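Let me begin by presenting the structure, written as structure tokens, before commenting on it.
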Amino acid sequence: MDRLSKTSGQSLWMRLALHVLASPVYAVRFAGLAATRYRFLRIATAAGMQCECGAWLSLVGLWKCSCGFTYRGHLLRRCPVCDSVPCVIRCFRCGVTTKLSDAE
């Protein structure tokens, strides 16, 4: 019985030590994920964004999904047919395709 309690105590200390050592890694991963989500939400709530050439790109209007469905509203809305979110927008002035922040 004494051996069993000693083993579980060592296991507890080992798990605690591993948790303390892994905490900075988890904090860095969480910070990266939070920054990505913040950039996406900032674009998702904006009515438009600026291209590299300086042209204003409206994010609200009529959009055609890659599945062929056309919908009205914000660009970063999920398609009701295929449930996808667009990842790029093209500027009509210079033709440059701008990658939007990752949706997921």
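Letters for chains follow the order of the structure tokens (A, B, ...), residue numbers begin at 1 for each chain, and ligand numbers begin at 1 in the order shown.
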
Worksheet item: Running DSSP on the backbone, which parts of range 14-96 of chain A land in alpha helix (DSSP H), as a PyMOL selection string?
Response: chain A and resi 14-44

Would you output that residue set with N, CA and C atoms, as a tab-separated table (two decimals), in the first residue's frame?
chain	number	residue	atom	x	y	z
A	14	MET	N	5.33	14.74	-11.24
A	14	MET	CA	5.80	14.70	-12.61
A	14	MET	C	4.83	15.42	-13.54
A	15	ARG	N	3.54	15.17	-13.34
A	15	ARG	CA	2.54	15.85	-14.18
A	15	ARG	C	2.54	17.35	-13.92
A	16	LEU	N	2.71	17.76	-12.66
A	16	LEU	CA	2.78	19.17	-12.32
A	16	LEU	C	4.01	19.82	-12.96
A	17	ALA	N	5.14	19.15	-12.91
A	17	ALA	CA	6.37	19.69	-13.52
A	17	ALA	C	6.22	19.80	-15.03
A	18	LEU	N	5.64	18.80	-15.67
A	18	LEU	CA	5.43	18.86	-17.11
A	18	LEU	C	4.47	19.97	-17.49
A	19	HIS	N	3.45	20.18	-16.68
A	19	HIS	CA	2.49	21.26	-16.93
A	19	HIS	C	3.17	22.62	-16.84
A	20	VAL	N	4.01	22.81	-15.84
A	20	VAL	CA	4.72	24.07	-15.67
A	20	VAL	C	5.67	24.30	-16.84
A	21	LEU	N	6.35	23.26	-17.29
A	21	LEU	CA	7.27	23.39	-18.42
A	21	LEU	C	6.53	23.64	-19.74
A	22	ALA	N	5.34	23.11	-19.89
A	22	ALA	CA	4.58	23.27	-21.12
A	22	ALA	C	3.77	24.56	-21.17
A	23	SER	N	3.59	25.23	-20.05
A	23	SER	CA	2.76	26.43	-20.00
A	23	SER	C	3.23	27.54	-20.95
A	24	PRO	N	4.53	27.84	-21.04
A	24	PRO	CA	4.95	28.87	-22.00
A	24	PRO	C	4.63	28.50	-23.45
A	25	VAL	N	4.74	27.24	-23.78
A	25	VAL	CA	4.41	26.80	-25.14
A	25	VAL	C	2.92	27.02	-25.41
A	26	TYR	N	2.10	26.64	-24.46
A	26	TYR	CA	0.66	26.86	-24.61
A	26	TYR	C	0.33	28.35	-24.70
A	27	ALA	N	1.02	29.17	-23.93
A	27	ALA	CA	0.77	30.62	-23.96
A	27	ALA	C	1.12	31.21	-25.32
A	28	VAL	N	2.23	30.78	-25.91
A	28	VAL	CA	2.63	31.29	-27.23
A	28	VAL	C	1.63	30.83	-28.30
A	29	ARG	N	1.21	29.58	-28.24
A	29	ARG	CA	0.22	29.08	-29.20
A	29	ARG	C	-1.10	29.83	-29.07
A	30	PHE	N	-1.53	30.09	-27.85
A	30	PHE	CA	-2.77	30.82	-27.62
A	30	PHE	C	-2.66	32.25	-28.14
A	31	ALA	N	-1.52	32.90	-27.91
A	31	ALA	CA	-1.34	34.28	-28.38
A	31	ALA	C	-1.39	34.34	-29.91
A	32	GLY	N	-0.79	33.38	-30.58
A	32	GLY	CA	-0.84	33.34	-32.04
A	32	GLY	C	-2.25	33.13	-32.56
A	33	LEU	N	-2.98	32.22	-31.93
A	33	LEU	CA	-4.36	31.96	-32.33
A	33	LEU	C	-5.24	33.18	-32.06
A	34	ALA	N	-5.04	33.84	-30.93
A	34	ALA	CA	-5.83	35.03	-30.61
A	34	ALA	C	-5.56	36.15	-31.60
A	35	ALA	N	-4.31	36.33	-32.02
A	35	ALA	CA	-3.97	37.37	-33.00
A	35	ALA	C	-4.62	37.07	-34.35
A	36	THR	N	-4.62	35.81	-34.76
A	36	THR	CA	-5.26	35.43	-36.02
A	36	THR	C	-6.76	35.68	-35.97
A	37	ARG	N	-7.38	35.28	-34.88
A	37	ARG	CA	-8.83	35.51	-34.74
A	37	ARG	C	-9.16	36.99	-34.70
A	38	TYR	N	-8.32	37.79	-34.04
A	38	TYR	CA	-8.56	39.23	-33.97
A	38	TYR	C	-8.49	39.86	-35.36
A	39	ARG	N	-7.48	39.48	-36.16
A	39	ARG	CA	-7.37	40.02	-37.53
A	39	ARG	C	-8.59	39.64	-38.36
A	40	PHE	N	-9.04	38.40	-38.23
A	40	PHE	CA	-10.21	37.97	-38.98
A	40	PHE	C	-11.45	38.75	-38.56
A	41	LEU	N	-11.67	38.90	-37.26
A	41	LEU	CA	-12.86	39.63	-36.79
A	41	LEU	C	-12.81	41.09	-37.17
A	42	ARG	N	-11.61	41.67	-37.20
A	42	ARG	CA	-11.48	43.06	-37.62
A	42	ARG	C	-11.90	43.23	-39.08
A	43	ILE	N	-11.52	42.29	-39.94
A	43	ILE	CA	-11.93	42.36	-41.35
A	43	ILE	C	-13.41	42.03	-41.50
A	44	ALA	N	-13.89	41.07	-40.72
A	44	ALA	CA	-15.28	40.62	-40.83
A	44	ALA	C	-16.28	41.69	-40.41

Practice prompt. Please return as a ChimeraX atom specification: the residues of chain A that backbone DSSP assigns to strand (DSSP E).
Written response: /A:48-50,56-58,60-64,70-74,88-90,97-99

Discussion item. Which residues are close to Asp83 in chain A, i.e. within 12 Å by only C-alpha atoms, leaving aside same-chain residues fewer than 4 positions away? Reply as a PyMOL selection string.
Written reply: chain A and resi 65-67+69+76-79+103

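Proximity of A:Ser11, A:Met49, A:Gly54, A:Ser84 to Leu100 in chain A, computed with only C-alpha atoms, is greatest for A:Met49.
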
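Between CA of Cys51 in chain A and CA of Gly68 in chain A lies a distance of 25.2 Å.
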
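Atom pair CA of Glu52 in chain A / CA of Cys87 in chain A: separated by 16.8 Å.
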
Worksheet, complete the sentence: re CA of Cys53 in chain A and CA of His74 in chain A: distance 22.2 Å

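Proximity ranking of A:Val60, A:Ala55, A:Leu12, A:Ile89 relative to Gly73 in chain A places A:Val60 first, based on only C-alpha atoms.
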
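Of the listed residues A:Cys91, A:Thr97, A:Gln10, A:Thr45, the one whose atoms come nearest to Leu75 in chain A is A:Thr45, with distances taken using only C-alpha atoms.
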
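Around Leu62 in chain A, within 7 Å and counting only C-alpha atoms, the residues found are Thr70, Tyr71, Arg72 and Gly73 of chain A, once anything fewer than 3 positions away on its own chain is removed.
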
Just to be explicit: take each residue in the selection above, keep C-alpha atoms, and write the result as a CSV table (one decimal), in the first residue's frame.
chain,number,residue,atom,x,y,z
A,70,THR,CA,-24.6,34.1,-55.6
A,71,TYR,CA,-25.5,35.8,-52.4
A,72,ARG,CA,-25.9,39.3,-51.1
A,73,GLY,CA,-24.2,40.6,-48.0

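Minimum distance to Trp56 in chain A across A:Pro86, A:Lys99, A:Cys94, A:Trp13 (counting only C-alpha atoms) occurs at A:Cys94.
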